[in-house]
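final_8.pdb follows (PDB, C-alpha atoms, pLDDT in the B column):
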ATOM      1  CA  PRO A   1       0.000   0.000   0.000  1.00 83.00           C
ATOM      2  CA  ALA A   2       1.046   3.580  -0.637  1.00 88.00           C
ATOM      3  CA  ASP A   3       2.233   5.687   2.318  1.00 91.00           C
ATOM      4  CA  LEU A   4       1.894   9.069   0.601  1.00 95.00           C
ATOM      5  CA  VAL A   5       0.794  10.448  -2.777  1.00 96.00           C
ATOM      6  CA  ILE A   6       2.589  13.472  -4.257  1.00 97.00           C
ATOM      7  CA  VAL A   7       0.931  15.313  -7.156  1.00 97.00           C
ATOM      8  CA  SER A   8       3.267  17.880  -8.688  1.00 97.00           C
ATOM      9  CA  HIS A   9       0.698  19.767 -10.804  1.00 91.00           C
ATOM     10  CA  ASP A  10      -2.628  19.384 -12.554  1.00 87.00           C
ATOM     11  CA  HIS A  11      -1.711  18.404 -16.122  1.00 87.00           C
ATOM     12  CA  TYR A  12      -3.527  15.301 -17.306  1.00 81.00           C
ATOM     13  CA  ASP A  13      -0.444  13.082 -17.406  1.00 86.00           C
ATOM     14  CA  HIS A  14       0.251  13.895 -13.736  1.00 87.00           C
ATOM     15  CA  LEU A  15      -3.257  14.217 -12.306  1.00 93.00           C
ATOM     16  CA  ASP A  16      -5.268  11.285 -13.629  1.00 92.00           C
ATOM     17  CA  TYR A  17      -8.951  10.950 -12.712  1.00 95.00           C
ATOM     18  CA  PRO A  18      -9.239   7.103 -12.649  1.00 95.00           C
ATOM     19  CA  THR A  19      -6.074   6.855 -10.563  1.00 94.00           C
ATOM     20  CA  ILE A  20      -7.275   9.422  -8.022  1.00 94.00           C
ATOM     21  CA  ARG A  21     -10.660   7.709  -7.793  1.00 95.00           C
ATOM     22  CA  ALA A  22      -8.920   4.416  -7.041  1.00 94.00           C
ATOM     23  CA  LEU A  23      -6.690   6.032  -4.406  1.00 94.00           C
ATOM     24  CA  ALA A  24      -9.729   7.663  -2.818  1.00 93.00           C
ATOM     25  CA  LYS A  25     -10.697   4.217  -1.513  1.00 92.00           C
ATOM     26  CA  ALA A  26      -7.480   4.021   0.535  1.00 91.00           C
ATOM     27  CA  ASP A  27      -6.668   6.078   3.606  1.00 91.00           C
ATOM     28  CA  VAL A  28      -3.548   7.629   2.068  1.00 95.00           C
ATOM     29  CA  PRO A  29      -2.564  11.306   2.496  1.00 96.00           C
ATOM     30  CA  PHE A  30      -1.934  13.594  -0.487  1.00 97.00           C
ATOM     31  CA  VAL A  31       0.630  16.371  -0.822  1.00 98.00           C
ATOM     32  CA  THR A  32       0.308  18.697  -3.789  1.00 97.00           C
ATOM     33  CA  SER A  33       0.805  22.242  -5.058  1.00 97.00           C
ATOM     34  CA  LEU A  34      -1.425  25.207  -4.213  1.00 97.00           C
ATOM     35  CA  GLY A  35      -4.863  24.975  -5.794  1.00 96.00           C
ATOM     36  CA  VAL A  36      -4.670  21.349  -6.919  1.00 96.00           C
ATOM     37  CA  GLY A  37      -6.549  20.171  -3.823  1.00 96.00           C
ATOM     38  CA  ALA A  38      -9.830  21.383  -5.338  1.00 95.00           C
ATOM     39  CA  HIS A  39      -9.533  18.705  -8.029  1.00 95.00           C
ATOM     40  CA  LEU A  40      -8.785  16.056  -5.413  1.00 96.00           C
ATOM     41  CA  GLU A  41     -11.767  17.024  -3.252  1.00 96.00           C
ATOM     42  CA  ALA A  42     -14.092  17.001  -6.266  1.00 95.00           C
ATOM     43  CA  TRP A  43     -12.908  13.485  -7.087  1.00 95.00           C
ATOM     44  CA  GLY A  44     -13.554  12.040  -3.639  1.00 94.00           C
ATOM     45  CA  ILE A  45     -10.498  12.767  -1.498  1.00 95.00           C
ATOM     46  CA  ALA A  46     -11.469  14.017   1.968  1.00 95.00           C
ATOM     47  CA  PRO A  47     -10.098  17.519   2.713  1.00 96.00           C
ATOM     48  CA  GLU A  48      -8.273  16.340   5.835  1.00 96.00           C
ATOM     49  CA  ARG A  49      -6.181  14.001   3.665  1.00 96.00           C
ATOM     50  CA  ILE A  50      -4.914  16.861   1.462  1.00 98.00           C
ATOM     51  CA  THR A  51      -1.970  19.188   2.101  1.00 98.00           C
ATOM     52  CA  GLU A  52      -1.387  21.992  -0.395  1.00 98.00           C
ATOM     53  CA  LEU A  53       2.049  23.608  -0.393  1.00 98.00           C
ATOM     54  CA  ASP A  54       3.463  26.820  -1.768  1.00 98.00           C
ATOM     55  CA  TRP A  55       7.122  26.850  -2.805  1.00 97.00           C
ATOM     56  CA  TRP A  56       9.443  26.478   0.195  1.00 98.00           C
ATOM     57  CA  GLU A  57       6.626  25.203   2.420  1.00 98.00           C
ATOM     58  CA  ALA A  58       6.735  21.719   3.957  1.00 98.00           C
ATOM     59  CA  ARG A  59       4.568  18.994   5.452  1.00 97.00           C
ATOM     60  CA  GLU A  60       6.019  17.033   8.357  1.00 95.00           C
ATOM     61  CA  ASP A  61       4.781  13.643   9.511  1.00 91.00           C
ATOM     62  CA  GLY A  62       7.016  12.176  12.183  1.00 90.00           C
ATOM     63  CA  ASP A  63      10.499  11.826  10.717  1.00 93.00           C
ATOM     64  CA  LEU A  64       9.303  12.440   7.151  1.00 95.00           C
ATOM     65  CA  ARG A  65       9.404  15.954   5.705  1.00 97.00           C
ATOM     66  CA  VAL A  66       8.029  16.786   2.223  1.00 98.00           C
ATOM     67  CA  SER A  67       8.916  20.218   0.850  1.00 98.00           C
ATOM     68  CA  ALA A  68       7.610  21.930  -2.274  1.00 98.00           C
ATOM     69  CA  VAL A  69      10.313  23.777  -4.204  1.00 98.00           C
ATOM     70  CA  PRO A  70      10.345  25.848  -7.412  1.00 97.00           C
ATOM     71  CA  SER A  71      10.058  24.391 -10.886  1.00 95.00           C
ATOM     72  CA  GLN A  72       9.831  26.052 -14.293  1.00 93.00           C
ATOM     73  CA  HIS A  73       6.598  24.905 -15.888  1.00 91.00           C
ATOM     74  CA  PHE A  74       2.889  25.837 -16.073  1.00 87.00           C
ATOM     75  CA  SER A  75      -0.495  24.344 -15.191  1.00 86.00           C
ATOM     76  CA  GLY A  76      -4.054  23.962 -16.436  1.00 88.00           C
ATOM     77  CA  ARG A  77      -6.503  21.347 -17.635  1.00 87.00           C
ATOM     78  CA  SER A  78      -8.454  23.455 -20.153  1.00 85.00           C
ATOM     79  CA  LEU A  79      -8.121  26.625 -22.210  1.00 83.00           C
ATOM     80  CA  LYS A  80      -9.648  28.714 -19.418  1.00 84.00           C
ATOM     81  CA  ASP A  81      -7.615  27.709 -16.359  1.00 85.00           C
ATOM     82  CA  ARG A  82      -4.030  28.273 -17.498  1.00 85.00           C
ATOM     83  CA  ASN A  83      -1.771  28.793 -14.468  1.00 83.00           C
ATOM     84  CA  ALA A  84      -4.684  28.945 -12.028  1.00 87.00           C
ATOM     85  CA  THR A  85      -2.875  26.402  -9.828  1.00 92.00           C
ATOM     86  CA  LEU A  86       0.772  25.999  -8.854  1.00 96.00           C
ATOM     87  CA  TRP A  87       3.359  23.514 -10.170  1.00 96.00           C
ATOM     88  CA  SER A  88       6.238  22.292  -8.024  1.00 97.00           C
ATOM     89  CA  SER A  89       9.210  20.058  -7.591  1.00 97.00           C
ATOM     90  CA  PHE A  90       9.436  18.196  -4.283  1.00 98.00           C
ATOM     91  CA  VAL A  91      12.064  17.161  -1.756  1.00 98.00           C
ATOM     92  CA  ILE A  92      11.358  14.128   0.435  1.00 98.00           C
ATOM     93  CA  ARG A  93      13.665  13.778   3.446  1.00 97.00           C
ATOM     94  CA  GLY A  94      13.684  11.114   6.123  1.00 96.00           C
ATOM     95  CA  PRO A  95      16.072  10.419   8.997  1.00 95.00           C
ATOM     96  CA  ARG A  96      18.786   8.991   6.732  1.00 94.00           C
ATOM     97  CA  HIS A  97      17.981   9.757   3.094  1.00 96.00           C
ATOM     98  CA  ALA A  98      16.796  12.564   0.833  1.00 97.00           C
ATOM     99  CA  VAL A  99      15.095  12.349  -2.569  1.00 98.00           C
ATOM    100  CA  PHE A 100      14.509  15.066  -5.153  1.00 98.00           C
ATOM    101  CA  PHE A 101      11.535  14.773  -7.550  1.00 98.00           C
ATOM    102  CA  SER A 102      11.406  17.320 -10.374  1.00 96.00           C
ATOM    103  CA  GLY A 103       7.807  16.998 -11.506  1.00 94.00           C
ATOM    104  CA  ASP A 104       7.732  18.824 -14.849  1.00 91.00           C
ATOM    105  CA  THR A 105      10.293  21.580 -15.276  1.00 93.00           C
ATOM    106  CA  GLY A 106      12.732  23.308 -17.526  1.00 93.00           C
ATOM    107  CA  LEU A 107      16.292  24.042 -16.467  1.00 94.00           C
ATOM    108  CA  THR A 108      16.362  26.637 -13.686  1.00 93.00           C
ATOM    109  CA  THR A 109      19.142  28.105 -11.556  1.00 92.00           C
ATOM    110  CA  GLU A 110      16.837  27.568  -8.556  1.00 95.00           C
ATOM    111  CA  TYR A 111      18.307  24.059  -8.443  1.00 95.00           C
ATOM    112  CA  ARG A 112      21.512  25.461  -6.981  1.00 96.00           C
ATOM    113  CA  THR A 113      19.507  27.073  -4.170  1.00 97.00           C
ATOM    114  CA  ILE A 114      17.555  23.837  -3.646  1.00 98.00           C
ATOM    115  CA  ALA A 115      20.824  21.929  -3.308  1.00 98.00           C
ATOM    116  CA  GLU A 116      22.138  24.433  -0.758  1.00 97.00           C
ATOM    117  CA  ARG A 117      18.969  24.258   1.341  1.00 97.00           C
ATOM    118  CA  PHE A 118      18.081  20.568   1.074  1.00 97.00           C
ATOM    119  CA  GLY A 119      21.008  18.582  -0.320  1.00 93.00           C
ATOM    120  CA  PRO A 120      22.840  16.342  -0.636  1.00 96.00           C
ATOM    121  CA  PHE A 121      20.441  13.923  -2.312  1.00 98.00           C
ATOM    122  CA  ASP A 122      20.667  10.146  -2.333  1.00 97.00           C
ATOM    123  CA  LEU A 123      18.297   9.901  -5.297  1.00 97.00           C
ATOM    124  CA  VAL A 124      17.445  12.518  -7.924  1.00 98.00           C
ATOM    125  CA  MET A 125      14.388  11.930 -10.125  1.00 98.00           C
ATOM    126  CA  LEU A 126      14.398  14.226 -13.157  1.00 97.00           C
ATOM    127  CA  GLU A 127      12.060  14.293 -16.140  1.00 95.00           C
ATOM    128  CA  VAL A 128      13.739  13.565 -19.482  1.00 94.00           C
ATOM    129  CA  GLY A 129      10.943  12.970 -22.020  1.00 90.00           C
ATOM    130  CA  GLY A 130       8.307  14.973 -23.846  1.00 84.00           C
ATOM    131  CA  LEU A 131      10.771  17.550 -25.173  1.00 81.00           C
ATOM    132  CA  HIS A 132      10.183  19.774 -28.211  1.00 80.00           C
ATOM    133  CA  PRO A 133      11.902  23.054 -29.217  1.00 80.00           C
ATOM    134  CA  SER A 134       8.577  24.832 -29.806  1.00 77.00           C
ATOM    135  CA  TRP A 135       7.657  24.339 -26.141  1.00 76.00           C
ATOM    136  CA  GLY A 136      10.369  26.679 -24.933  1.00 75.00           C
ATOM    137  CA  ASP A 137      11.978  25.878 -21.585  1.00 88.00           C
ATOM    138  CA  MET A 138       9.145  23.908 -19.963  1.00 89.00           C
ATOM    139  CA  HIS A 139      10.843  20.475 -19.987  1.00 89.00           C
ATOM    140  CA  LEU A 140      14.382  19.285 -19.327  1.00 92.00           C
ATOM    141  CA  GLY A 141      15.217  16.537 -21.781  1.00 92.00           C
ATOM    142  CA  PRO A 142      18.357  14.410 -21.324  1.00 94.00           C
ATOM    143  CA  GLU A 143      20.952  17.160 -21.859  1.00 95.00           C
ATOM    144  CA  ASN A 144      19.424  19.653 -19.436  1.00 94.00           C
ATOM    145  CA  ALA A 145      18.562  16.918 -16.956  1.00 96.00           C
ATOM    146  CA  LEU A 146      22.263  16.181 -16.610  1.00 97.00           C
ATOM    147  CA  LYS A 147      22.924  19.905 -16.113  1.00 97.00           C
ATOM    148  CA  ALA A 148      20.194  19.960 -13.458  1.00 97.00           C
ATOM    149  CA  LEU A 149      21.758  16.934 -11.777  1.00 98.00           C
ATOM    150  CA  GLU A 150      25.039  18.836 -11.524  1.00 97.00           C
ATOM    151  CA  LEU A 151      23.319  21.915 -10.067  1.00 97.00           C
ATOM    152  CA  LEU A 152      21.599  19.689  -7.505  1.00 97.00           C
ATOM    153  CA  GLY A 153      24.922  18.268  -6.383  1.00 96.00           C
ATOM    154  CA  GLY A 154      24.625  14.821  -7.938  1.00 95.00           C
ATOM    155  CA  GLY A 155      23.287  11.602  -6.486  1.00 95.00           C
ATOM    156  CA  ALA A 156      21.904   8.478  -8.094  1.00 97.00           C
ATOM    157  CA  PHE A 157      19.885   9.629 -11.125  1.00 98.00           C
ATOM    158  CA  LEU A 158      16.517   7.999 -11.861  1.00 97.00           C
ATOM    159  CA  PRO A 159      15.148   9.405 -15.158  1.00 97.00           C
ATOM    160  CA  VAL A 160      11.347   9.777 -15.122  1.00 95.00           C
ATOM    161  CA  HIS A 161       8.611  11.105 -17.414  1.00 91.00           C
ATOM    162  CA  TRP A 162       9.561   9.147 -20.515  1.00 91.00           C
ATOM    163  CA  GLY A 163       8.203   6.156 -22.443  1.00 85.00           C
ATOM    164  CA  THR A 164       4.616   6.415 -21.149  1.00 80.00           C
ATOM    165  CA  PHE A 165       2.814   8.944 -23.337  1.00 75.00           C
ATOM    166  CA  CYS A 166       3.609  10.215 -26.835  1.00 76.00           C
ATOM    167  CA  LEU A 167       3.978  13.856 -25.795  1.00 78.00           C
ATOM    168  CA  ALA A 168       6.499  15.095 -28.352  1.00 82.00           C
ATOM    169  CA  MET A 169       7.817  14.302 -31.796  1.00 83.00           C
ATOM    170  CA  HIS A 170      10.680  12.028 -30.894  1.00 86.00           C
ATOM    171  CA  PRO A 171      10.985   8.237 -30.602  1.00 88.00           C
ATOM    172  CA  TRP A 172       9.649   6.966 -27.286  1.00 88.00           C
ATOM    173  CA  ASP A 173      13.034   5.544 -26.246  1.00 91.00           C
ATOM    174  CA  GLN A 174      15.141   8.468 -27.481  1.00 92.00           C
ATOM    175  CA  PRO A 175      15.565   9.990 -23.971  1.00 94.00           C
ATOM    176  CA  ALA A 176      16.905   6.706 -22.590  1.00 95.00           C
ATOM    177  CA  GLU A 177      19.323   6.141 -25.468  1.00 95.00           C
ATOM    178  CA  ARG A 178      20.577   9.715 -25.279  1.00 95.00           C
ATOM    179  CA  LEU A 179      21.217   9.362 -21.546  1.00 96.00           C
ATOM    180  CA  LEU A 180      23.237   6.203 -22.116  1.00 96.00           C
ATOM    181  CA  GLU A 181      25.402   8.219 -24.478  1.00 96.00           C
ATOM    182  CA  LEU A 182      25.803  11.329 -22.327  1.00 96.00           C
ATOM    183  CA  ALA A 183      25.858  10.088 -18.724  1.00 96.00           C
ATOM    184  CA  PRO A 184      29.367   8.546 -18.775  1.00 94.00           C
ATOM    185  CA  ARG A 185      30.871  11.900 -19.827  1.00 94.00           C
ATOM    186  CA  GLN A 186      29.559  13.410 -16.578  1.00 92.00           C
ATOM    187  CA  ASN A 187      30.120  10.319 -14.443  1.00 93.00           C
ATOM    188  CA  ALA A 188      26.373  10.312 -13.752  1.00 96.00           C
ATOM    189  CA  ARG A 189      25.140   7.118 -12.109  1.00 95.00           C
ATOM    190  CA  LEU A 190      21.923   6.132 -13.870  1.00 97.00           C
ATOM    191  CA  VAL A 191      19.276   4.079 -12.090  1.00 97.00           C
ATOM    192  CA  MET A 192      16.934   2.700 -14.762  1.00 96.00           C
ATOM    193  CA  PRO A 193      15.138  -0.446 -13.558  1.00 93.00           C
ATOM    194  CA  LYS A 194      12.570  -2.301 -15.597  1.00 89.00           C
ATOM    195  CA  LEU A 195       9.031  -1.025 -15.216  1.00 83.00           C
ATOM    196  CA  GLY A 196       7.653  -2.272 -11.897  1.00 85.00           C
ATOM    197  CA  GLU A 197      10.998  -3.619 -10.698  1.00 89.00           C
ATOM    198  CA  PRO A 198      11.891  -2.836  -7.056  1.00 90.00           C
ATOM    199  CA  VAL A 199      15.267  -1.161  -6.769  1.00 90.00           C
ATOM    200  CA  GLU A 200      17.637   0.008  -4.040  1.00 92.00           C
ATOM    201  CA  PRO A 201      19.377   3.024  -5.625  1.00 92.00           C
ATOM    202  CA  ALA A 202      22.580   2.647  -3.616  1.00 88.00           C
ATOM    203  CA  ARG A 203      22.930  -0.959  -4.794  1.00 89.00           C
ATOM    204  CA  PHE A 204      21.926  -0.519  -8.423  1.00 89.00           C
ATOM    205  CA  GLU A 205      25.114  -1.549 -10.210  1.00 82.00           C
ATOM    206  CA  ARG A 206      24.324  -2.792 -13.705  1.00 85.00           C
ATOM    207  CA  LEU A 207      22.070  -0.989 -16.144  1.00 91.00           C
ATOM    208  CA  GLU A 208      20.346  -3.194 -18.689  1.00 91.00           C
ATOM    209  CA  PRO A 209      18.749  -1.315 -21.629  1.00 94.00           C
ATOM    210  CA  TRP A 210      15.512  -3.261 -21.236  1.00 93.00           C
ATOM    211  CA  TRP A 211      13.588  -0.888 -23.496  1.00 92.00           C
ATOM    212  CA  ARG A 212      15.395  -2.269 -26.556  1.00 92.00           C
ATOM    213  CA  GLY A 213      13.367  -5.439 -26.186  1.00 89.00           C
ATOM    214  CA  VAL A 214      10.032  -3.604 -26.053  1.00 84.00           C
ATOM    215  CA  ASP A 215       7.891  -2.786 -29.057  1.00 70.00           C
ATOM    216  CA  GLY A 216       7.368   0.955 -28.913  1.00 54.00           C
ATOM    217  CA  LEU A 217       4.101   0.814 -30.834  1.00 51.00           C
ATOM    218  CA  VAL A 218       1.082  -0.143 -28.753  1.00 50.00           C
ATOM    219  CA  GLN A 219      -1.375  -2.059 -30.861  1.00 46.00           C
ATOM    220  CA  PRO A 220      -5.099  -1.739 -30.100  1.00 46.00           C
ATOM    221  CA  ALA A 221      -6.792  -4.835 -28.735  1.00 44.00           C
ATOM    222  CA  PRO A 222      -8.796  -6.745 -31.363  1.00 46.00           C
ATOM    223  CA  ARG A 223     -12.526  -6.310 -31.240  1.00 44.00           C
ATOM    224  CA  PRO A 224     -14.443  -9.408 -30.061  1.00 42.00           C
TER     225      PRO A 224
END

Any chance you could give the structure as structure tokens?
Amino acid sequence: PADLVIVSHDHYDHLDYPTIRALAKADVPFVTSLGVGAHLEAWGIAPERITELDWWEAREDGDLRVSAVPSQHFSGRSLKDRNATLWSSFVIRGPRHAVFFSGDTGLTTEYRTIAERFGPFDLVMLEVGGLHPSWGDMHLGPENALKALELLGGGAFLPVHWGTFCLAMHPWDQPAERLLELAPRQNARLVMPKLGEPVEPARFERLEPWWRGVDGLVQPAPRP
């Protein structure tokens, strides 16, 4: 069972109605950005289970502290609610370990400040997919993700936000292949387990490019 749900912002690929409805049946707390709680309440999450955070605010539960920190993105689920809610990255810190989760973001110098205030990080989760030049600086992509990793002070690097949705005009596995090419030049330690595979970041030693054995085209199920 989940201990905590973090929702970075309200875009459809991060705030999914069927998923929230399923999680509503469990007694799990939610931490999210300012304004996103209204969606959660409307979809069945009790208000007392929701914590909304502005940048640099935190939720503490025993030894676990979750902090919202700046990201460079935008929000909205329709043409009329652009930027009506906040978008955030998050830092999760326990007694022994700290994790950084980027959510969606472009490259920002705020990462240096985040590292100074919250680092060092044992695991850094940065988005690497869904990149297109016409979108400006709203996503990282592999090259800028490695720059962000350096600004954050390093740590085991788990690339996220790739290979799930066709968000941009590049092959679905292009972010992974590009990271394999670039990471050794920066001595970045990639953590890229198979989908659903449990992993201990500190003990992840051998990266297998599992995606090369996956058909990138999802075929529709045949009609009965």

List, as a PyMOL selection string, every residue that the PyMOL selection byres ((chain A and resi 177-190) around 6) selects in the file provided.
-> chain A and resi 142+156-157+174-176+191

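You will find atom CA of A:Val5 at 12.8 Å from atom CA of A:Arg21.
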
Neighbours of A:Leu64 within 10 Å (only C-alpha atoms; same-chain residues fewer than 5 positions away dropped), as a PyMOL selection string?
-> chain A and resi 59+92-95+97-98

Atom-to-atom span, atom CA of A:Glu110 and atom CA of A:Gly136, Å =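 Distance between the two atoms: 17.6 Å.
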
By how many Å are atom CA of A:Ser67 and atom CA of A:Ser88 apart?
-> 9.5 Å

All residues 8 Å or closer to A:Leu140, only C-alpha atoms, same chain fewer than 5 positions away omitted, as a list in words =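 Once the adjacent positions are removed, what remains is Thr105, Gly106, Leu107, Leu126, Glu127, Val128, Gly129, Leu131 and Ala145 of chain A.
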
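You can rank A:Trp43, A:Phe30, A:Trp162, A:Trp56 by their closest distance to A:Arg117 using all atoms listed in the file, and at the top of that list sits A:Trp56.
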
For A:Phe101, please output as a PyMOL selection string all residues within 12 Å (counting all atoms listed in the file; exclusion window: fewer than 3 positions along the same chain).
-> chain A and resi 6-8+66-71+88-93+98+104-105+111+114+121-127+145+148-149+152+157-161

How would you write, as a list of chain:residue names, the residues chosen by the PyMOL selection byres ((chain A and resi 135) around 12) on this structure?
-> A:His73, A:Phe74, A:Thr105, A:Gly106, A:Gly130, A:Leu131, A:His132, A:Pro133, A:Ser134, A:Gly136, A:Asp137, A:Met138, A:His139, A:Leu140, A:Gly141, A:Leu167, A:Ala168, A:Met169

Using all atoms listed in the file, which of A:Val31, A:Ala38, A:Ile45, A:Met192 sits nearest A:Thr19?
->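 Closest to A:Thr19, using all atoms listed in the file: A:Ile45.
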
Kindly indicate which residue among A:Gly62, A:Tyr17, A:Pro1, A:Leu146 lies nearest to A:Leu40, using only C-alpha atoms for the distances.
->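 Checking each candidate against A:Leu40, we get A:Tyr17 as the closest.
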
For A:Ala26, the closest of A:Glu48, A:Glu60, A:Asp3, A:Asp10 counting only C-alpha atoms is A:Asp3

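Using all atoms listed in the file, the protein and nucleic acid residues lying no more than 7 Å from A:Glu52, apart from those fewer than 3 places from it along its own chain, are Val31, Thr32, Ser33, Leu34 and Gly37 of chain A.
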